[in-house]
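Chemist: Next up, target-v6.cif (mmCIF, C-alpha atoms).
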data_input
#
loop_
_atom_site.label_atom_id
_atom_site.label_comp_id
_atom_site.auth_asym_id
_atom_site.auth_seq_id
_atom_site.Cartn_x
_atom_site.Cartn_y
_atom_site.Cartn_z
CA MET Z 1 0.00 0.00 0.00
CA LYS Z 2 1.43 3.35 -1.04
CA ARG Z 3 1.32 6.18 1.46
CA LYS Z 4 -0.92 9.08 0.49
CA VAL Z 5 -0.06 12.75 0.81
CA ALA Z 6 -2.64 15.53 0.98
CA PHE Z 7 -0.92 18.20 -1.16
CA VAL Z 8 -2.45 21.55 -0.23
CA LEU Z 9 -2.48 24.21 -2.96
CA SER Z 10 -3.62 27.85 -2.92
CA GLY Z 11 -3.68 28.76 -6.62
CA SER Z 12 -0.99 28.54 -9.29
CA GLY Z 13 1.77 31.16 -9.38
CA VAL Z 14 4.16 32.59 -6.79
CA LYS Z 15 2.62 36.06 -6.51
CA ASP Z 16 -0.97 35.05 -5.65
CA GLY Z 17 -1.01 31.27 -5.29
CA THR Z 18 1.24 28.22 -4.91
CA GLU Z 19 4.85 28.66 -6.05
CA ILE Z 20 4.99 26.41 -9.12
CA HIS Z 21 8.66 25.30 -8.94
CA GLU Z 22 8.29 24.37 -5.27
CA ALA Z 23 5.12 22.41 -5.90
CA VAL Z 24 6.60 20.40 -8.77
CA ALA Z 25 9.96 19.86 -7.02
CA ALA Z 26 8.06 18.37 -4.08
CA LEU Z 27 5.83 16.33 -6.42
CA ILE Z 28 8.84 14.80 -8.19
CA ALA Z 29 10.48 13.97 -4.84
CA LEU Z 30 7.25 12.49 -3.41
CA ASP Z 31 6.48 10.47 -6.56
CA ARG Z 32 10.06 9.08 -6.64
CA ALA Z 33 9.73 8.13 -2.96
CA GLY Z 34 6.55 6.17 -3.73
CA TYR Z 35 3.79 8.41 -2.38
CA ASP Z 36 0.38 8.87 -3.99
CA ILE Z 37 -0.62 12.53 -4.24
CA ILE Z 38 -4.09 13.73 -3.25
CA PHE Z 39 -4.35 17.30 -4.51
CA THR Z 40 -6.58 19.63 -2.54
CA ALA Z 41 -7.28 23.36 -2.17
CA PRO Z 42 -9.96 25.49 -0.55
CA ASP Z 43 -12.86 26.18 -2.92
CA ILE Z 44 -12.78 29.95 -2.29
CA GLU Z 45 -11.82 33.10 -4.15
CA GLN Z 46 -8.10 33.84 -3.86
CA THR Z 47 -7.36 36.85 -1.64
CA ALA Z 48 -5.44 38.29 -4.61
CA ALA Z 49 -5.11 37.65 -8.35
CA VAL Z 50 -1.92 39.16 -9.77
CA ASP Z 51 -0.76 39.58 -13.37
CA HIS Z 52 2.71 37.99 -12.98
CA TYR Z 53 4.08 39.83 -16.04
CA ALA Z 54 2.93 43.40 -15.30
CA GLU Z 55 2.85 42.92 -11.48
CA LYS Z 56 -0.59 44.49 -11.20
CA PRO Z 57 -3.96 43.12 -10.07
CA GLU Z 58 -5.85 40.96 -12.59
CA ARG Z 59 -9.19 42.28 -13.87
CA GLU Z 60 -11.02 39.25 -12.47
CA THR Z 61 -10.81 37.39 -9.19
CA ARG Z 62 -9.65 33.77 -9.41
CA ASN Z 63 -10.76 30.72 -7.44
CA ALA Z 64 -8.03 28.92 -5.48
CA LEU Z 65 -9.36 25.43 -6.30
CA VAL Z 66 -9.82 26.15 -10.02
CA GLU Z 67 -6.34 27.69 -10.41
CA SER Z 68 -4.71 24.97 -8.28
CA ALA Z 69 -6.18 22.43 -10.71
CA ARG Z 70 -3.56 23.66 -13.21
CA ILE Z 71 -0.77 22.25 -11.03
CA ALA Z 72 -2.89 19.15 -10.29
CA ARG Z 73 -3.64 18.52 -14.00
CA GLY Z 74 -7.36 18.61 -13.14
CA ASN Z 75 -7.31 15.91 -10.47
CA ILE Z 76 -8.06 17.88 -7.28
CA LYS Z 77 -10.74 17.98 -4.61
CA PRO Z 78 -12.10 20.77 -2.42
CA LEU Z 79 -10.36 20.83 0.97
CA ALA Z 80 -13.73 20.89 2.77
CA ASP Z 81 -14.53 17.48 1.20
CA LEU Z 82 -11.23 15.79 2.14
CA SER Z 83 -11.67 13.14 4.85
CA SER Z 84 -8.84 11.97 7.11
CA ASP Z 85 -8.84 8.42 5.74
CA GLU Z 86 -7.70 9.83 2.39
CA TYR Z 87 -4.18 10.81 3.49
CA ASP Z 88 -1.26 9.68 5.66
CA ALA Z 89 0.65 12.96 5.61
CA VAL Z 90 0.13 16.62 4.64
CA VAL Z 91 2.41 18.79 2.46
CA PHE Z 92 2.21 22.56 1.97
CA PRO Z 93 4.33 24.06 -0.84
CA GLY Z 94 4.96 27.81 -0.59
CA GLY Z 95 4.03 30.87 -2.63
CA PHE Z 96 2.12 34.00 -1.61
CA GLY Z 97 -1.15 32.07 -1.77
CA ALA Z 98 -0.08 30.33 1.46
CA VAL Z 99 0.00 33.68 3.29
CA LEU Z 100 -2.80 35.41 1.36
CA THR Z 101 -5.45 32.69 1.01
CA LEU Z 102 -4.53 29.78 3.34
CA CYS Z 103 -3.81 32.28 6.11
CA SER Z 104 -3.60 36.08 6.34
CA PHE Z 105 0.07 36.39 7.35
CA ALA Z 106 0.94 38.63 4.36
CA LYS Z 107 -1.51 41.22 5.68
CA ASP Z 108 -1.68 40.57 9.43
CA GLY Z 109 1.73 39.10 10.34
CA ALA Z 110 1.82 37.32 13.70
CA GLU Z 111 -1.85 38.26 14.29
CA CYS Z 112 -2.94 36.33 11.20
CA SER Z 113 -6.00 34.11 10.95
CA VAL Z 114 -5.93 30.69 9.27
CA ASN Z 115 -8.56 29.42 6.81
CA GLN Z 116 -10.81 27.18 8.89
CA ASP Z 117 -10.51 24.11 6.66
CA VAL Z 118 -6.72 24.45 6.67
CA ARG Z 119 -6.76 24.71 10.47
CA LYS Z 120 -9.00 21.64 10.73
CA LEU Z 121 -6.67 19.67 8.44
CA ILE Z 122 -3.62 20.55 10.54
CA ASP Z 123 -5.40 19.91 13.86
CA LYS Z 124 -6.65 16.52 12.62
CA ALA Z 125 -3.21 15.50 11.29
CA LEU Z 126 -1.66 16.38 14.68
CA GLU Z 127 -4.38 14.48 16.53
CA ASP Z 128 -3.83 11.42 14.31
CA GLY Z 129 -0.02 11.60 14.54
CA LYS Z 130 0.37 12.18 10.79
CA PRO Z 131 3.46 14.08 9.63
CA ILE Z 132 3.24 17.54 8.06
CA ALA Z 133 5.77 19.12 5.69
CA ALA Z 134 5.91 22.75 4.56
CA MET Z 135 8.14 24.80 2.27
CA CYS Z 136 9.18 28.44 1.89
CA ILE Z 137 6.75 30.78 3.67
CA ALA Z 138 4.07 28.09 4.32
CA PRO Z 139 5.59 27.14 7.73
CA VAL Z 140 4.08 30.34 9.18
CA ILE Z 141 0.68 28.61 8.93
CA LEU Z 142 2.02 25.84 11.17
CA ALA Z 143 3.54 28.41 13.53
CA ARG Z 144 0.09 29.98 13.97
CA VAL Z 145 -1.73 26.68 14.56
CA ILE Z 146 0.79 24.50 16.43
CA PRO Z 147 2.10 25.89 19.74
CA GLY Z 148 5.83 25.40 20.21
CA ALA Z 149 6.47 24.06 16.70
CA ARG Z 150 10.16 24.04 15.69
CA LEU Z 151 10.42 25.13 12.09
CA THR Z 152 12.25 27.20 9.47
CA ILE Z 153 11.57 29.76 6.79
CA GLY Z 154 15.31 29.99 6.06
CA THR Z 155 17.02 32.97 7.69
CA HIS Z 156 14.77 36.02 7.13
CA PRO Z 157 15.00 37.92 10.47
CA GLU Z 158 11.60 39.68 10.50
CA THR Z 159 9.68 36.55 9.49
CA ALA Z 160 11.67 34.49 12.02
CA ALA Z 161 10.77 37.03 14.72
CA ALA Z 162 7.08 36.86 13.77
CA ILE Z 163 7.20 33.06 13.99
CA ASN Z 164 8.74 33.25 17.47
CA SER Z 165 6.14 35.81 18.57
CA MET Z 166 3.38 33.36 17.53
CA GLY Z 167 4.78 30.91 20.09
CA ALA Z 168 6.71 28.72 17.64
CA VAL Z 169 10.51 28.34 17.52
CA HIS Z 170 12.33 29.45 14.39
CA VAL Z 171 15.56 27.64 13.44
CA ASN Z 172 17.85 29.02 10.71
CA CYS Z 173 18.38 26.49 7.91
CA PRO Z 174 20.31 26.40 4.60
CA VAL Z 175 18.47 25.89 1.31
CA ASN Z 176 19.52 22.25 0.79
CA ASP Z 177 18.45 21.13 4.26
CA SER Z 178 15.26 21.01 6.37
CA VAL Z 179 14.33 21.35 10.02
CA VAL Z 180 12.56 18.49 11.81
CA ASP Z 181 10.32 18.72 14.87
CA ARG Z 182 10.18 15.03 15.85
CA GLU Z 183 7.71 15.52 18.70
CA ARG Z 184 5.12 17.23 16.49
CA LYS Z 185 6.16 15.39 13.28
CA ILE Z 186 6.85 18.53 11.27
CA VAL Z 187 9.50 19.03 8.58
CA THR Z 188 10.14 22.40 6.88
CA THR Z 189 12.57 23.63 4.21
CA PRO Z 190 13.39 27.20 3.02
CA ALA Z 191 12.94 26.71 -0.77
CA TYR Z 192 12.60 30.13 -2.47
CA MET Z 193 13.02 31.99 0.83
CA LEU Z 194 16.70 31.26 0.02
CA ALA Z 195 16.97 29.38 -3.28
CA SER Z 196 18.67 30.94 -6.30
CA GLY Z 197 16.80 28.69 -8.74
CA PRO Z 198 14.83 25.47 -9.30
CA ALA Z 199 17.79 23.11 -8.73
CA GLU Z 200 18.27 24.40 -5.18
CA VAL Z 201 14.52 24.19 -4.56
CA PHE Z 202 14.64 20.57 -5.68
CA GLU Z 203 17.58 19.77 -3.37
CA GLY Z 204 15.62 21.09 -0.41
CA ALA Z 205 12.46 19.24 -1.49
CA VAL Z 206 14.33 15.93 -1.77
CA ASN Z 207 15.79 16.47 1.71
CA MET Z 208 12.36 17.36 3.11
CA VAL Z 209 10.75 14.25 1.61
CA GLU Z 210 13.52 12.00 2.97
CA LYS Z 211 12.96 13.39 6.46
CA LEU Z 212 9.18 13.17 6.06
CA GLY Z 213 9.64 9.43 5.51
CA GLU Z 214 11.38 9.12 8.89
CA LEU Z 215 8.37 10.61 10.72
CA PHE Z 216 5.88 7.77 10.14
CA MET V 1 30.18 31.80 -19.37
CA LYS V 2 26.99 29.88 -18.75
CA ARG V 3 25.02 28.70 -21.76
CA LYS V 4 21.62 30.33 -22.17
CA VAL V 5 18.41 28.53 -23.07
CA ALA V 6 15.39 30.24 -24.62
CA PHE V 7 12.57 28.45 -22.75
CA VAL V 8 9.42 28.84 -24.83
CA LEU V 9 6.12 28.85 -22.91
CA SER V 10 2.51 29.01 -24.12
CA GLY V 11 0.57 29.71 -20.91
CA SER V 12 0.48 27.84 -17.59
CA GLY V 13 -1.52 24.62 -17.32
CA VAL V 14 -1.71 21.42 -19.37
CA LYS V 15 -5.16 21.96 -20.88
CA ASP V 16 -4.59 25.38 -22.47
CA GLY V 17 -0.93 26.27 -21.95
CA THR V 18 2.43 24.81 -20.96
CA GLU V 19 2.33 21.56 -18.96
CA ILE V 20 3.59 22.69 -15.56
CA HIS V 21 5.32 19.48 -14.41
CA GLU V 22 7.20 19.20 -17.71
CA ALA V 23 8.30 22.83 -17.58
CA VAL V 24 9.63 22.58 -14.02
CA ALA V 25 11.23 19.15 -14.56
CA ALA V 26 13.15 20.64 -17.50
CA LEU V 27 14.01 23.77 -15.49
CA ILE V 28 15.47 21.72 -12.63
CA ALA V 29 17.50 19.61 -15.07
CA LEU V 30 18.73 22.69 -16.99
CA ASP V 31 19.58 24.64 -13.82
CA ARG V 32 21.49 21.64 -12.40
CA ALA V 33 23.40 21.33 -15.70
CA GLY V 34 24.46 24.97 -15.44
CA TYR V 35 22.25 26.72 -18.00
CA ASP V 36 20.76 30.18 -17.58
CA ILE V 37 17.08 30.28 -18.49
CA ILE V 38 15.63 33.01 -20.69
CA PHE V 39 11.85 32.67 -20.41
CA THR V 40 9.83 33.75 -23.43
CA ALA V 41 6.31 33.40 -24.84
CA PRO V 42 4.30 35.03 -27.61
CA ASP V 43 2.46 38.14 -26.39
CA ILE V 44 -0.89 37.00 -27.83
CA GLU V 45 -4.22 35.74 -26.54
CA GLN V 46 -4.19 31.99 -25.93
CA THR V 47 -6.24 30.03 -28.46
CA ALA V 48 -8.13 28.56 -25.48
CA ALA V 49 -8.54 29.27 -21.76
CA VAL V 50 -9.81 26.21 -19.87
CA ASP V 51 -11.04 25.86 -16.29
CA HIS V 52 -8.82 22.89 -15.28
CA TYR V 53 -11.20 21.86 -12.47
CA ALA V 54 -14.54 21.89 -14.32
CA GLU V 55 -13.02 21.20 -17.77
CA LYS V 56 -15.01 23.98 -19.39
CA PRO V 57 -13.99 27.25 -21.08
CA GLU V 58 -13.01 30.12 -18.79
CA ARG V 59 -15.21 33.24 -18.88
CA GLU V 60 -12.27 35.38 -19.99
CA THR V 61 -9.54 34.89 -22.54
CA ARG V 62 -5.99 34.74 -21.20
CA ASN V 63 -2.75 36.08 -22.64
CA ALA V 64 -0.01 33.50 -23.26
CA LEU V 65 2.81 35.79 -22.07
CA VAL V 66 0.98 36.90 -18.92
CA GLU V 67 0.02 33.35 -17.91
CA SER V 68 3.48 31.99 -18.79
CA ALA V 69 4.91 34.56 -16.37
CA ARG V 70 3.49 32.35 -13.57
CA ILE V 71 5.94 29.57 -14.47
CA ALA V 72 8.70 32.18 -15.05
CA ARG V 73 8.09 33.90 -11.68
CA GLY V 74 7.60 37.18 -13.55
CA ASN V 75 10.92 37.17 -15.42
CA ILE V 76 9.86 36.67 -19.04
CA LYS V 77 10.05 38.54 -22.32
CA PRO V 78 7.83 38.64 -25.40
CA LEU V 79 9.05 36.19 -28.06
CA ALA V 80 8.92 38.94 -30.71
CA ASP V 81 11.54 40.90 -28.69
CA LEU V 82 13.98 38.00 -28.24
CA SER V 83 17.17 38.43 -30.25
CA SER V 84 19.43 35.56 -31.27
CA ASP V 85 22.37 36.74 -29.18
CA GLU V 86 20.27 36.09 -26.06
CA TYR V 87 20.29 32.27 -26.30
CA ASP V 88 22.49 29.31 -27.23
CA ALA V 89 19.72 26.71 -27.39
CA VAL V 90 15.91 26.52 -27.48
CA VAL V 91 13.65 24.34 -25.30
CA PHE V 92 9.92 23.71 -25.77
CA PRO V 93 8.07 21.99 -22.89
CA GLY V 94 4.72 20.41 -23.81
CA GLY V 95 1.09 21.01 -22.89
CA PHE V 96 -1.89 21.80 -25.10
CA GLY V 97 -0.69 25.39 -25.44
CA ALA V 98 2.05 24.07 -27.74
CA VAL V 99 -0.56 22.75 -30.19
CA LEU V 100 -3.24 25.41 -29.61
CA THR V 101 -1.25 28.65 -29.43
CA LEU V 102 2.33 27.97 -30.65
CA CYS V 103 0.90 26.04 -33.59
CA SER V 104 -2.56 24.85 -34.62
CA PHE V 105 -1.92 21.08 -34.58
CA ALA V 106 -4.73 20.40 -32.06
CA LYS V 107 -7.23 21.77 -34.59
CA ASP V 108 -5.57 21.23 -37.97
CA GLY V 109 -3.33 18.16 -37.49
CA ALA V 110 -0.67 17.75 -40.19
CA GLU V 111 -2.03 20.84 -42.01
CA CYS V 112 -1.28 23.04 -39.00
CA SER V 113 0.19 26.53 -39.15
CA VAL V 114 2.93 27.70 -36.77
CA ASN V 115 2.97 31.05 -34.95
CA GLN V 116 5.29 33.25 -37.03
CA ASP V 117 7.59 34.24 -34.14
CA VAL V 118 7.92 30.58 -33.15
CA ARG V 119 8.77 29.69 -36.74
CA LYS V 120 11.35 32.50 -36.92
CA LEU V 121 12.94 31.31 -33.67
CA ILE V 122 13.26 27.73 -34.95
CA ASP V 123 14.51 28.81 -38.40
CA LYS V 124 17.12 31.09 -36.83
CA ALA V 125 18.30 28.41 -34.37
CA LEU V 126 18.72 25.97 -37.27
CA GLU V 127 20.58 28.57 -39.34
CA ASP V 128 22.90 29.31 -36.40
CA GLY V 129 23.45 25.63 -35.56
CA LYS V 130 21.91 25.98 -32.10
CA PRO V 131 20.33 22.86 -30.57
CA ILE V 132 16.58 22.59 -29.98
CA ALA V 133 14.86 20.35 -27.41
CA ALA V 134 11.14 19.58 -27.17
CA MET V 135 8.93 17.51 -24.87
CA CYS V 136 5.59 15.72 -25.05
CA ILE V 137 3.47 17.03 -27.94
CA ALA V 138 5.72 20.06 -28.70
CA PRO V 139 7.87 18.08 -31.20
CA VAL V 140 5.00 18.38 -33.72
CA ILE V 141 5.97 22.06 -34.07
CA LEU V 142 9.46 20.97 -35.14
CA ALA V 143 7.98 18.36 -37.49
CA ARG V 144 6.03 21.13 -39.23
CA VAL V 145 8.98 23.52 -39.55
CA ILE V 146 12.02 21.25 -40.06
CA PRO V 147 11.89 18.91 -43.08
CA GLY V 148 13.14 15.41 -42.34
CA ALA V 149 13.51 15.95 -38.57
CA ARG V 150 13.88 12.70 -36.57
CA LEU V 151 11.86 13.02 -33.40
CA THR V 152 9.47 11.39 -30.93
CA ILE V 153 6.17 12.02 -29.21
CA GLY V 154 6.41 8.60 -27.50
CA THR V 155 4.37 5.90 -29.22
CA HIS V 156 0.95 7.39 -30.04
CA PRO V 157 0.16 5.93 -33.53
CA GLU V 158 -2.09 8.71 -34.94
CA THR V 159 0.24 11.50 -33.83
CA ALA V 160 3.25 9.56 -35.13
CA ALA V 161 1.48 9.15 -38.49
CA ALA V 162 0.71 12.89 -38.63
CA ILE V 163 4.37 13.65 -37.93
CA ASN V 164 5.46 11.37 -40.77
CA SER V 165 2.90 12.94 -43.11
CA MET V 166 4.43 16.37 -42.39
CA GLY V 167 7.72 15.06 -43.79
CA ALA V 168 9.43 14.35 -40.47
CA VAL V 169 10.42 10.89 -39.17
CA HIS V 170 8.80 9.62 -35.98
CA VAL V 171 10.79 7.24 -33.77
CA ASN V 172 9.12 5.38 -30.88
CA CYS V 173 10.79 6.13 -27.55
CA PRO V 174 10.26 5.11 -23.89
CA VAL V 175 9.46 7.73 -21.24
CA ASN V 176 12.92 7.76 -19.61
CA ASP V 177 14.78 8.25 -22.89
CA SER V 178 14.94 10.78 -25.74
CA VAL V 179 15.51 10.75 -29.48
CA VAL V 180 18.42 12.70 -31.01
CA ASP V 181 18.69 14.04 -34.54
CA ARG V 182 22.41 14.86 -34.64
CA GLU V 183 22.34 16.41 -38.10
CA ARG V 184 19.64 18.94 -37.19
CA LYS V 185 20.64 19.15 -33.50
CA ILE V 186 17.22 18.20 -32.15
CA VAL V 187 16.43 16.19 -29.00
CA THR V 188 12.88 15.16 -28.01
CA THR V 189 11.37 13.18 -25.11
CA PRO V 190 7.82 11.80 -24.60
CA ALA V 191 7.12 13.23 -21.10
CA TYR V 192 3.34 13.09 -20.39
CA MET V 193 2.63 11.48 -23.77
CA LEU V 194 3.73 8.37 -21.79
CA ALA V 195 4.60 9.34 -18.21
CA SER V 196 2.56 8.05 -15.27
CA GLY V 197 3.63 10.93 -13.02
CA PRO V 198 6.15 13.71 -12.32
CA ALA V 199 9.06 11.38 -11.44
CA GLU V 200 8.96 9.79 -14.91
CA VAL V 201 8.66 13.22 -16.53
CA PHE V 202 11.78 14.26 -14.61
CA GLU V 203 13.71 11.16 -15.73
CA GLY V 204 12.97 12.00 -19.35
CA ALA V 205 13.85 15.67 -18.84
CA VAL V 206 17.21 14.80 -17.28
CA ASN V 207 17.96 12.49 -20.21
CA MET V 208 16.93 15.18 -22.71
CA VAL V 209 19.14 17.82 -21.07
CA GLU V 210 22.13 15.44 -21.01
CA LYS V 211 21.73 14.82 -24.73
CA LEU V 212 21.16 18.52 -25.39
CA GLY V 213 24.60 19.14 -23.88
CA GLU V 214 26.17 16.81 -26.45
CA LEU V 215 24.76 18.86 -29.37
CA PHE V 216 26.84 22.02 -28.87
#
Rewrite the structure from the file as structure tokens, please.
Modeler:
Amino acid sequence: MKRKVAFVLSGSGVKDGTEIHEAVAALIALDRAGYDIIFTAPDIEQTAAVDHYAEKPERETRNALVESARIARGNIKPLADLSSDEYDAVVFPGGFGAVLTLCSFAKDGAECSVNQDVRKLIDKALEDGKPIAAMCIAPVILARVIPGARLTIGTHPETAAAINSMGAVHVNCPVNDSVVDRERKIVTTPAYMLASGPAEVFEGAVNMVEKLGELF
Amino acid sequence: MKRKVAFVLSGSGVKDGTEIHEAVAALIALDRAGYDIIFTAPDIEQTAAVDHYAEKPERETRNALVESARIARGNIKPLADLSSDEYDAVVFPGGFGAVLTLCSFAKDGAECSVNQDVRKLIDKALEDGKPIAAMCIAPVILARVIPGARLTIGTHPETAAAINSMGAVHVNCPVNDSVVDRERKIVTTPAYMLASGPAEVFEGAVNMVEKLGELF
């Protein structure tokens, strides 16, 4: 029986959704390691929709589930419909969608709120002892939900301070490594918080997936 | 001096643009091999814009350059503005955008027309002896433009027949391998024409990039 990963997306594109290189780097690493991927995203309007060429707001709003389906090649389900027997672990790639739509960290910092279905997913995974992995800026969601969590967003001082002020513990980490909280079964890697390109993102993703495997 | 690759996108998402896993798999392989990436796409409306969740047309049209910027993280230039001193090789990832917007193969089959800036790019690369790589369905563009080209789209019989009827030579190829035309400096790999998931796509991309390196 292959282990199943709930892969939580927030759109498709670094500036308003899931960071695409991070998502695919993690997908390659997870697929190579033998996991099945269960794509999911909240079925809500994205908090922002940004023209990635002109760096200005799009004319129309975009739905996080519909846009995430681009990364998922169509095979995705609404987060509200995901039941806990469908996954053995949870993975959050980064991108601004993680801090705009999955939580409000981009606007509210340490005072941020977390989407209620995302919070339920994390709470349930913790309760069931299922490991959680997160990349780039997505670990701030875990910092908000999981008291005392040890995690990394790389080395960015202000973000690290915000994480500590939410009651989590930030640990500096290089791009090709990840930080493990064995007690809470969390593994996090900096990805584009530090990476100079897709190869470094992939190195970190491979490391994260290896360490995820040790948390079952 | 690092070699530079013109990486030609057609949107962001398998059903109407560039296939995202293929693009990122190739980017990781190219970055690891030491290439600089010059992202480019035609600054035109996509021939289609498809809701990847509901599999129905989007309400609005989408621009190929603007959507491609999601894969490029914003750093992309219009294909019409790309000059030949900016790249040493050309790479086309797959996705329906390649046969909807870069050429019209999805509608017109072997009678397809090719976007004029895409045709100019390929003609100029051939003239200058610069290698060209293509994945998945994108090799049909090369079949239309380059007489006698030896290439693969995997094993799909109807597509292979269309390629042969355009005057190119189709060669069956497994997912983890690629086909090289040394005379014309072309390398092609099946990617999602055969792949069962992102790890297989990555295997093919790594193989393609290795063989690309032998064509300089």
Chemist: So which one's closest to Val90 (chain V), V:Asp51, V:Glu60, V:Asp36, V:Glu111? Using all atoms listed in the file, please.
Modeler: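 That would be V:Asp36, the residue with the smallest distance to Val90 (chain V).
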Chemist: Can you work out which residues from chain V touch chain Z at a cut-off of 7 Å (counting all atoms listed in the file) and hand them back as a list in words?
Modeler: Gly13, Val14, Ile20, His21, Val24, Leu27, Ile28, Asp31, Arg32, Asp51, His52, Tyr53, Val66, Ala69, Arg70, Ile71, Arg73, Gly74, Pro198 and Ala199 of chain V
Chemist: Quote the spacing between CA of Asn176 (chain V) and CA of Ile137 (chain V) in Å to one decimal place.
Modeler: 15.6 Å
Chemist: How far is it from CA of Leu215 (chain V) to CA of Ala195 (chain Z), in Å with one decimal?
Modeler: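 Here the two named atoms are 29.2 Å from each other.
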Chemist: The PyMOL selection byres ((chain Z and resi 92) around 9) on the file shown: which residues, as a PyMOL selection string?
Modeler: chain Z and resi 6-9+18+23+90-91+93-94+98+132-135+138-139
Chemist: Counting all atoms listed in the file, which residue out of V:Ser165, V:Phe105, V:Thr152, V:Thr188 sits closest to Met208 (chain V)?
Modeler: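 The answer is V:Thr188, which sits nearest to Met208 (chain V).
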Chemist: Taking the file as I've supplied it (selection: the PyMOL selection byres ((chain Z and resi 115-117) around 8)), which residues are included? Please answer as an mmCIF file with C-alpha atoms, in the coordinates of the input.
Modeler:
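Written out: expr02.cif:
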data_model
loop_
_atom_site.group_PDB
_atom_site.id
_atom_site.type_symbol
_atom_site.label_atom_id
_atom_site.label_comp_id
_atom_site.auth_asym_id
_atom_site.auth_seq_id
_atom_site.Cartn_x
_atom_site.Cartn_y
_atom_site.Cartn_z
ATOM 1 C CA PRO Z 42 -9.960 25.490 -0.550
ATOM 2 C CA LEU Z 79 -10.360 20.830 0.970
ATOM 3 C CA ALA Z 80 -13.730 20.890 2.770
ATOM 4 C CA THR Z 101 -5.450 32.690 1.010
ATOM 5 C CA LEU Z 102 -4.530 29.780 3.340
ATOM 6 C CA CYS Z 103 -3.810 32.280 6.110
ATOM 7 C CA SER Z 113 -6.000 34.110 10.950
ATOM 8 C CA VAL Z 114 -5.930 30.690 9.270
ATOM 9 C CA VAL Z 118 -6.720 24.450 6.670
ATOM 10 C CA ARG Z 119 -6.760 24.710 10.470
ATOM 11 C CA LYS Z 120 -9.000 21.640 10.730
ATOM 12 C CA LEU Z 121 -6.670 19.670 8.440
#
Chemist: Rank nothing, just name the residue among Z:Asp181, Z:Gly109, Z:Gln46, Z:Phe216 nearest to Asn164 (chain Z), using only C-alpha atoms.
Modeler: Z:Gly109
Chemist: What does the distance between CA of Thr47 (chain Z) and CA of Ile141 (chain Z) come to in Å, to one decimal place?
Modeler: 15.6 Å
Chemist: Considering all atoms listed in the file, state which residue in the set Z:Val180, Z:Ala89, Z:Met1, Z:Leu100 is at the smallest distance from Ile38 (chain Z).
Modeler: Z:Ala89
Chemist: So that I can see what lies close to Val169 (chain V), please list as a list in words the residues with an atom at most 7 Å from it, counting all atoms listed in the file and leaving out residues fewer than 6 positions away in the same chain.
Modeler: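 That gives Gly148, Ala149, Arg150, Leu151 and Ile163 of chain V.
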Chemist: Please provide as number ranges by chain all residues within 10 Å of Pro131 (chain Z), with the sequence filter that same-chain residues fewer than 3 positions apart are discarded (counting only C-alpha atoms).
Modeler: Z: 5, 88-91, 122, 125-126, 128, 181-182, 184-187, 212-216
Chemist: Just want the 9 Å neighbourhood of Pro78 (chain Z), counted on all atoms listed in the file, with same-chain residues fewer than 3 positions away dropped. Output as an MDAnalysis selection string.
Modeler: chainID Z and resid 39:43 65 81:82
Chemist: Output requested as an mmCIF file, in the coordinates of the input - region 29-39 of chain V, filled out with N, CA and C atoms.
Modeler:
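What ended up in result13.cif:
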data_model
loop_
_atom_site.group_PDB
_atom_site.id
_atom_site.type_symbol
_atom_site.label_atom_id
_atom_site.label_comp_id
_atom_site.auth_asym_id
_atom_site.auth_seq_id
_atom_site.Cartn_x
_atom_site.Cartn_y
_atom_site.Cartn_z
ATOM 1 N N ALA V 29 16.403 20.295 -14.357
ATOM 2 C CA ALA V 29 17.500 19.610 -15.070
ATOM 3 C C ALA V 29 18.438 20.625 -15.720
ATOM 4 N N LEU V 30 17.897 21.670 -16.327
ATOM 5 C CA LEU V 30 18.730 22.690 -16.990
ATOM 6 C C LEU V 30 19.532 23.491 -15.967
ATOM 7 N N ASP V 31 18.898 23.867 -14.869
ATOM 8 C CA ASP V 31 19.580 24.640 -13.820
ATOM 9 C C ASP V 31 20.717 23.806 -13.228
ATOM 10 N N ARG V 32 20.453 22.539 -12.920
ATOM 11 C CA ARG V 32 21.490 21.640 -12.400
ATOM 12 C C ARG V 32 22.657 21.501 -13.361
ATOM 13 N N ALA V 33 22.358 21.497 -14.670
ATOM 14 C CA ALA V 33 23.400 21.330 -15.700
ATOM 15 C C ALA V 33 24.119 22.638 -15.992
ATOM 16 N N GLY V 34 23.707 23.731 -15.337
ATOM 17 C CA GLY V 34 24.460 24.970 -15.440
ATOM 18 C C GLY V 34 23.978 25.962 -16.491
ATOM 19 N N TYR V 35 22.787 25.771 -17.020
ATOM 20 C CA TYR V 35 22.250 26.720 -18.000
ATOM 21 C C TYR V 35 21.560 27.896 -17.313
ATOM 22 N N ASP V 36 21.649 29.070 -17.941
ATOM 23 C CA ASP V 36 20.760 30.180 -17.580
ATOM 24 C C ASP V 36 19.481 30.052 -18.409
ATOM 25 N N ILE V 37 18.364 30.410 -17.801
ATOM 26 C CA ILE V 37 17.080 30.280 -18.490
ATOM 27 C C ILE V 37 16.581 31.659 -18.907
ATOM 28 N N ILE V 38 16.249 31.797 -20.182
ATOM 29 C CA ILE V 38 15.630 33.010 -20.690
ATOM 30 C C ILE V 38 14.185 32.637 -21.047
ATOM 31 N N PHE V 39 13.254 33.024 -20.173
ATOM 32 C CA PHE V 39 11.850 32.670 -20.410
ATOM 33 C C PHE V 39 11.270 33.569 -21.494
#
